[in-house]
Amino acid sequence: MKIIKKITACALALLLLLLTLVGCSSYGQPVMELGGTEITANMIEFWLSRYKAQFEHYYGSAVCSQYDLDSIDQFWPIVSDEATGETYDEVMSGFIYENAETYLCALYLFDQFGLKLPKETEDEVDEYIAELLEEYASGSKAEFNALLSNYGINMKLLRELYLIDEKVDFLQNYLFGKGGTLGVTKMDKEKYYQENYVSMRQICIFINECPELDKDGNPILDANGYTKYRDMTAEETQEARNRAADALTKIHNGESFASVNSEYDENPTDNQYTAIYISRDSAMGTDAALEKIYNELQTMKVGEIKLVETENNLHIIEKLPLEEGAYDKSINADFFTFYDSELGAVATFEEYLKDPLFLNYIAESLEKYSADVKINEEELKKIKLSTVKANYYY
């Protein structure tokens, strides 16, 4: 069971905010409705409070430093878009409203397909709420409801929210899980791969810092098994730049990339691969250096060679064509895995694709039903990140 999914910095995690569906207005004033399915102001307040806590936790210090603020509360009135005059409060709250509309549609479909959660799932939710009740209120429902009221909800609504989290997961697996009604097809994998991946090979030369080597030229490892690094002198870094320039000259003069690589490359870990594959979200493309290389490759033509400088490396990269079906080859497995920080596990390419395929399916469905979606904009926009209390607990 995956209760209380953490909201991360990436857009995809924001799209997976826990939104809910109910058949009556017992959970507060409805602000969105589709075919009898309602989302209320109290639910919006809760999701905003949860996101606010995530934002403050991950970005609060950096934002205060960037804007020279004494408190994150001073961030929300700052104008985000000069053209529209919208503040960060309005823009970021609006993004959550849009996600609510997306999940209103998703959960409407849950009922339309006649789906029902297994009893064991409901039991697990009830057990989890019982644990929260004991942990935060020593078993007192009155005290627990008082705590939850800070975020616009009570125990009854909290249970509904957690069950809806499970409904979203259930719907996704019903559609795209193993044996799902739609599933993840070969065409789905190839399409996503072609649209989101780039391929390259590279020659890597250290600048600014380099591995510490023993007398035999092997990297020295620390107590945790990681390579130890040392600062390079200015002279060493300049020599490295000169080597990179020499390597580029040889390639442009007709020497093969492979032969120049064997002579100049200082990071042979890539040599086990015939090509390196990078996407914005894959496990191999999440650090700043790889993100910079990925962005450069997006602008390059196949066969083009370019020098890219990152914090501690000079990368001579050549853009390669995307080999059809590369994701199914075992030699490329490292490039088609995705780390799930919530589960502490690595997902396969096919498992990962369930999310984008599901979101695309819901977006198409929302477009189909958009004329039937009713939104009370006036009431909705009264609830904003600036006014809700950050929820770190539920």
# chains A, B, ... in the order shown; residues from 1 in each chain; ligands from 1
call {"tool": "residues_around", "arguments": {"residues": "segment 321-333 of chain A", "least_positions_apart": "6", "cutoff": "9 Å", "atoms": "only C-alpha atoms", "output": "MDAnalysis selection string"}}
result
chainID A and resid 186 189:190 193:194 197:200 272:277 302:303 348:349
call {"tool": "write_last_selection", "arguments": {"atoms": "N, CA and C atoms", "output": "JSON list (two decimals), in the first residue's frame"}}
result
[["chain", "number", "residue", "atom", "x", "y", "z"],
["A", 186, "LYS", "N", 4.58, -2.31, -26.98],
["A", 186, "LYS", "CA", 5.86, -2.04, -27.64],
["A", 186, "LYS", "C", 5.82, -0.66, -28.30],
["A", 189, "LYS", "N", 6.32, 2.05, -25.68],
["A", 189, "LYS", "CA", 7.72, 2.16, -25.25],
["A", 189, "LYS", "C", 8.56, 2.88, -26.30],
["A", 190, "GLU", "N", 8.38, 2.50, -27.55],
["A", 190, "GLU", "CA", 9.19, 3.11, -28.62],
["A", 190, "GLU", "C", 8.86, 4.59, -28.78],
["A", 193, "TYR", "N", 10.36, 6.52, -25.86],
["A", 193, "TYR", "CA", 11.82, 6.49, -26.04],
["A", 193, "TYR", "C", 12.26, 7.50, -27.09],
["A", 194, "GLN", "N", 11.60, 7.49, -28.24],
["A", 194, "GLN", "CA", 11.98, 8.39, -29.32],
["A", 194, "GLN", "C", 11.73, 9.86, -28.97],
["A", 197, "TYR", "N", 14.36, 10.46, -25.16],
["A", 197, "TYR", "CA", 15.75, 10.06, -24.98],
["A", 197, "TYR", "C", 16.67, 10.66, -26.04],
["A", 198, "VAL", "N", 17.92, 10.79, -25.66],
["A", 198, "VAL", "CA", 19.01, 11.11, -26.59],
["A", 198, "VAL", "C", 20.12, 10.09, -26.36],
["A", 199, "SER", "N", 20.96, 9.94, -27.37],
["A", 199, "SER", "CA", 22.04, 8.95, -27.28],
["A", 199, "SER", "C", 23.36, 9.60, -27.65],
["A", 200, "MET", "N", 24.44, 9.15, -27.00],
["A", 200, "MET", "CA", 25.75, 9.74, -27.25],
["A", 200, "MET", "C", 26.85, 8.78, -26.88],
["A", 272, "GLN", "N", 32.04, 0.40, -21.08],
["A", 272, "GLN", "CA", 31.33, -0.87, -21.14],
["A", 272, "GLN", "C", 30.09, -0.80, -22.03],
["A", 273, "TYR", "N", 29.68, 0.44, -22.40],
["A", 273, "TYR", "CA", 28.49, 0.62, -23.22],
["A", 273, "TYR", "C", 28.87, 1.01, -24.65],
["A", 274, "THR", "N", 28.09, 0.55, -25.61],
["A", 274, "THR", "CA", 28.29, 0.98, -26.99],
["A", 274, "THR", "C", 27.71, 2.37, -27.21],
["A", 275, "ALA", "N", 26.76, 2.76, -26.38],
["A", 275, "ALA", "CA", 26.16, 4.09, -26.43],
["A", 275, "ALA", "C", 25.61, 4.42, -25.05],
["A", 276, "ILE", "N", 25.52, 5.70, -24.77],
["A", 276, "ILE", "CA", 24.94, 6.18, -23.52],
["A", 276, "ILE", "C", 23.59, 6.79, -23.85],
["A", 277, "TYR", "N", 22.55, 6.40, -23.09],
["A", 277, "TYR", "CA", 21.20, 6.90, -23.33],
["A", 277, "TYR", "C", 20.77, 7.73, -22.12],
["A", 302, "VAL", "N", 22.52, 14.51, -35.20],
["A", 302, "VAL", "CA", 23.20, 13.22, -35.13],
["A", 302, "VAL", "C", 24.53, 13.33, -35.86],
["A", 303, "GLY", "N", 25.60, 12.87, -35.20],
["A", 303, "GLY", "CA", 26.94, 12.93, -35.77],
["A", 303, "GLY", "C", 27.71, 14.17, -35.36],
["A", 348, "THR", "N", 11.47, -0.60, -13.62],
["A", 348, "THR", "CA", 11.87, -0.87, -15.00],
["A", 348, "THR", "C", 11.25, 0.18, -15.92],
["A", 349, "PHE", "N", 11.72, 0.20, -17.16],
["A", 349, "PHE", "CA", 11.19, 1.13, -18.16],
["A", 349, "PHE", "C", 9.69, 0.94, -18.32]]
call {"tool": "select_by_dssp", "arguments": {"residues": "segment 32-261 of chain A", "states": "helix (DSSP H, G or I)", "output": "JSON, numbers by chain"}}
result
{"A": [41, 42, 43, 44, 45, 46, 47, 48, 49, 50, 51, 52, 53, 54, 55, 56, 57, 58, 59, 60, 61, 62, 63, 64, 65, 66, 67, 72, 73, 74, 88, 89, 90, 91, 92, 93, 94, 95, 96, 97, 98, 99, 100, 101, 102, 103, 104, 105, 106, 107, 108, 109, 110, 111, 112, 119, 120, 121, 122, 123, 124, 125, 126, 127, 128, 129, 130, 131, 132, 133, 134, 135, 136, 137, 141, 142, 143, 144, 145, 146, 147, 148, 149, 150, 151, 155, 156, 157, 158, 159, 160, 161, 162, 163, 164, 165, 166, 167, 168, 169, 170, 171, 172, 173, 174, 175, 176, 186, 187, 188, 189, 190, 191, 192, 193, 194, 195, 196, 234, 235, 236, 237, 238, 239, 240, 241, 242, 243, 244, 245, 246, 247, 248, 249, 250, 251, 252, 257, 258, 259, 260, 261]}
call {"tool": "write_last_selection", "arguments": {"atoms": "C-alpha atoms", "output": "CSV table (one decimal), in the first residue's frame"}}
result
chain,number,residue,atom,x,y,z
A,41,ALA,CA,-13.0,23.4,-0.8
A,42,ASN,CA,-11.9,21.4,2.3
A,43,MET,CA,-10.1,18.9,0.0
A,44,ILE,CA,-8.4,21.7,-1.9
A,45,GLU,CA,-7.2,23.2,1.4
A,46,PHE,CA,-5.8,19.9,2.5
A,47,TRP,CA,-3.9,19.3,-0.7
A,48,LEU,CA,-2.5,22.8,-0.8
A,49,SER,CA,-1.4,22.5,2.9
A,50,ARG,CA,0.4,19.3,2.0
A,51,TYR,CA,2.1,20.8,-1.0
A,52,LYS,CA,3.0,23.9,1.0
A,53,ALA,CA,4.9,21.8,3.5
A,54,GLN,CA,6.8,20.0,0.7
A,55,PHE,CA,7.7,23.2,-0.9
A,56,GLU,CA,8.9,24.8,2.3
A,57,HIS,CA,10.9,21.7,3.2
A,58,TYR,CA,12.7,21.3,-0.1
A,59,TYR,CA,13.0,24.9,-1.4
A,60,GLY,CA,12.2,27.2,1.5
A,61,SER,CA,15.8,28.1,2.4
A,62,ALA,CA,16.9,28.5,-1.2
A,63,VAL,CA,14.0,30.7,-2.0
A,64,CYS,CA,14.6,32.9,1.0
A,65,SER,CA,18.2,33.2,0.1
A,66,GLN,CA,17.5,34.0,-3.5
A,67,TYR,CA,15.0,36.7,-2.8
A,72,ILE,CA,8.9,32.0,3.1
A,73,ASP,CA,5.6,33.8,3.8
A,74,GLN,CA,7.1,36.8,2.0
A,88,TYR,CA,3.8,33.0,-7.1
A,89,ASP,CA,0.8,32.4,-4.9
A,90,GLU,CA,-1.6,32.6,-7.8
A,91,VAL,CA,0.5,30.6,-10.2
A,92,MET,CA,1.4,27.8,-7.9
A,93,SER,CA,-2.1,27.5,-6.4
A,94,GLY,CA,-3.5,27.5,-9.9
A,95,PHE,CA,-1.3,24.6,-10.8
A,96,ILE,CA,-2.8,22.6,-8.0
A,97,TYR,CA,-6.3,23.6,-9.1
A,98,GLU,CA,-5.5,22.2,-12.5
A,99,ASN,CA,-4.3,19.0,-11.0
A,100,ALA,CA,-7.5,18.7,-9.0
A,101,GLU,CA,-9.5,19.0,-12.3
A,102,THR,CA,-7.3,16.3,-13.8
A,103,TYR,CA,-7.9,13.9,-10.9
A,104,LEU,CA,-11.6,14.7,-10.8
A,105,CYS,CA,-11.8,13.2,-14.2
A,106,ALA,CA,-9.6,10.2,-13.2
A,107,LEU,CA,-11.7,9.3,-10.3
A,108,TYR,CA,-14.9,9.9,-12.2
A,109,LEU,CA,-13.6,7.1,-14.5
A,110,PHE,CA,-13.0,4.9,-11.5
A,111,ASP,CA,-16.7,4.8,-10.9
A,112,GLN,CA,-17.6,4.7,-14.6
A,119,LYS,CA,-11.5,-4.9,1.3
A,120,GLU,CA,-7.9,-5.5,2.4
A,121,THR,CA,-6.9,-2.1,1.0
A,122,GLU,CA,-9.6,-0.4,3.0
A,123,ASP,CA,-8.5,-2.3,6.1
A,124,GLU,CA,-4.9,-1.2,5.6
A,125,VAL,CA,-6.1,2.5,5.4
A,126,ASP,CA,-8.1,2.1,8.5
A,127,GLU,CA,-5.1,0.5,10.3
A,128,TYR,CA,-2.9,3.4,9.2
A,129,ILE,CA,-5.4,6.0,10.4
A,130,ALA,CA,-5.6,4.2,13.7
A,131,GLU,CA,-1.8,4.5,14.0
A,132,LEU,CA,-2.0,8.2,13.3
A,133,LEU,CA,-4.8,8.6,15.9
A,134,GLU,CA,-2.6,6.9,18.5
A,135,GLU,CA,0.6,8.7,17.5
A,136,TYR,CA,-0.7,12.2,17.3
A,137,ALA,CA,-3.7,12.2,19.7
A,141,LYS,CA,-10.8,11.3,18.2
A,142,ALA,CA,-11.7,14.8,19.4
A,143,GLU,CA,-8.1,15.8,19.8
A,144,PHE,CA,-7.2,14.3,16.4
A,145,ASN,CA,-10.1,16.1,14.7
A,146,ALA,CA,-8.9,19.3,16.2
A,147,LEU,CA,-5.4,18.8,14.8
A,148,LEU,CA,-6.8,17.9,11.4
A,149,SER,CA,-9.0,21.0,11.4
A,150,ASN,CA,-5.8,23.0,10.9
A,151,TYR,CA,-5.8,21.6,7.3
A,155,MET,CA,-10.9,11.9,10.3
A,156,LYS,CA,-13.8,11.0,8.0
A,157,LEU,CA,-12.4,13.1,5.2
A,158,LEU,CA,-8.8,12.0,5.9
A,159,ARG,CA,-9.9,8.4,5.4
A,160,GLU,CA,-11.7,9.3,2.1
A,161,LEU,CA,-8.5,11.1,0.9
A,162,TYR,CA,-6.4,8.0,1.6
A,163,LEU,CA,-8.8,5.7,-0.1
A,164,ILE,CA,-8.8,7.9,-3.1
A,165,ASP,CA,-5.0,7.6,-3.3
A,166,GLU,CA,-5.6,3.9,-3.5
A,167,LYS,CA,-8.3,4.4,-6.1
A,168,VAL,CA,-6.0,6.3,-8.4
A,169,ASP,CA,-3.4,3.5,-8.1
A,170,PHE,CA,-6.0,0.9,-8.7
A,171,LEU,CA,-7.3,2.7,-11.8
A,172,GLN,CA,-3.8,3.1,-13.2
A,173,ASN,CA,-3.0,-0.6,-12.7
A,174,TYR,CA,-6.4,-1.5,-14.1
A,175,LEU,CA,-5.5,0.4,-17.3
A,176,PHE,CA,-1.8,0.0,-17.6
A,186,LYS,CA,5.9,-2.0,-27.6
A,187,MET,CA,4.6,1.0,-29.5
A,188,ASP,CA,4.1,2.9,-26.3
A,189,LYS,CA,7.7,2.2,-25.2
A,190,GLU,CA,9.2,3.1,-28.6
A,191,LYS,CA,7.2,6.3,-28.8
A,192,TYR,CA,8.2,7.5,-25.3
A,193,TYR,CA,11.8,6.5,-26.0
A,194,GLN,CA,12.0,8.4,-29.3
A,195,GLU,CA,10.4,11.5,-27.8
A,196,ASN,CA,12.3,11.7,-24.6
A,234,ALA,CA,45.5,25.5,-11.8
A,235,GLU,CA,48.3,24.2,-14.0
A,236,GLU,CA,46.8,20.7,-14.0
A,237,THR,CA,43.4,22.1,-15.0
A,238,GLN,CA,45.0,24.1,-17.8
A,239,GLU,CA,46.8,21.0,-19.0
A,240,ALA,CA,43.5,19.1,-19.0
A,241,ARG,CA,42.0,21.9,-21.2
A,242,ASN,CA,44.9,21.6,-23.6
A,243,ARG,CA,44.4,17.8,-23.8
A,244,ALA,CA,40.7,18.3,-24.6
A,245,ALA,CA,41.6,20.7,-27.4
A,246,ASP,CA,44.2,18.2,-28.8
A,247,ALA,CA,41.6,15.5,-28.7
A,248,LEU,CA,39.0,17.6,-30.6
A,249,THR,CA,41.6,18.5,-33.2
A,250,LYS,CA,42.4,14.9,-33.9
A,251,ILE,CA,38.8,14.0,-34.3
A,252,HIS,CA,38.2,16.9,-36.7
A,257,PHE,CA,36.3,8.8,-32.1
A,258,ALA,CA,37.1,5.4,-30.6
A,259,SER,CA,40.9,5.7,-31.0
A,260,VAL,CA,40.9,9.3,-29.6
A,261,ASN,CA,38.7,8.0,-26.7
call {"tool": "select_by_dssp", "arguments": {"residues": "segment 163-346 of chain A", "states": "strand (DSSP E or B)", "output": "tab-separated table (two decimals) with C-alpha atoms, in the first residue's frame"}}
result
chain	number	residue	atom	x	y	z
A	197	TYR	CA	15.75	10.06	-24.98
A	198	VAL	CA	19.01	11.11	-26.59
A	199	SER	CA	22.04	8.95	-27.28
A	200	MET	CA	25.75	9.74	-27.25
A	201	ARG	CA	29.28	8.60	-26.62
A	202	GLN	CA	31.84	10.74	-24.84
A	203	ILE	CA	35.45	11.40	-23.95
A	204	CYS	CA	35.71	12.63	-20.37
A	205	ILE	CA	38.66	14.67	-19.02
A	206	PHE	CA	38.89	15.84	-15.39
A	209	GLU	CA	39.32	17.83	-9.17
A	210	CYS	CA	40.30	14.30	-10.06
A	211	PRO	CA	40.44	10.83	-8.45
A	213	LEU	CA	45.40	7.26	-7.42
A	219	PRO	CA	41.61	4.95	-7.84
A	221	LEU	CA	38.43	4.26	-2.34
A	227	THR	CA	36.38	6.98	-5.18
A	229	TYR	CA	38.94	12.93	-5.13
A	230	ARG	CA	41.54	15.65	-4.74
A	231	ASP	CA	41.67	19.26	-5.90
A	276	ILE	CA	24.94	6.18	-23.52
A	277	TYR	CA	21.20	6.90	-23.33
A	278	ILE	CA	19.84	9.82	-21.32
A	279	SER	CA	16.36	11.13	-20.58
A	305	ILE	CA	30.58	16.62	-31.88
A	306	LYS	CA	30.76	19.23	-29.14
A	307	LEU	CA	32.78	20.11	-26.05
A	308	VAL	CA	30.62	20.53	-22.95
A	309	GLU	CA	32.08	21.75	-19.66
A	313	ASN	CA	34.78	17.55	-16.28
A	314	LEU	CA	35.29	18.38	-19.92
A	315	HIS	CA	33.03	16.18	-22.05
A	316	ILE	CA	33.67	15.69	-25.75
A	317	ILE	CA	30.33	14.29	-26.83
A	318	GLU	CA	29.10	12.88	-30.12
A	319	LYS	CA	25.37	12.62	-30.67
A	320	LEU	CA	24.36	9.17	-31.88
A	337	THR	CA	15.68	2.42	-14.94
A	338	PHE	CA	13.93	4.95	-12.72
A	339	TYR	CA	14.47	5.33	-9.00
A	340	ASP	CA	11.28	5.63	-6.94
A	345	ALA	CA	13.30	0.83	-5.31
A	346	VAL	CA	14.19	0.96	-9.00
call {"tool": "atom_distance", "arguments": {"atom1": "atom CA of Glu82 of chain A", "atom2": "atom CA of Val388 of chain A"}}
result
25.0 Å
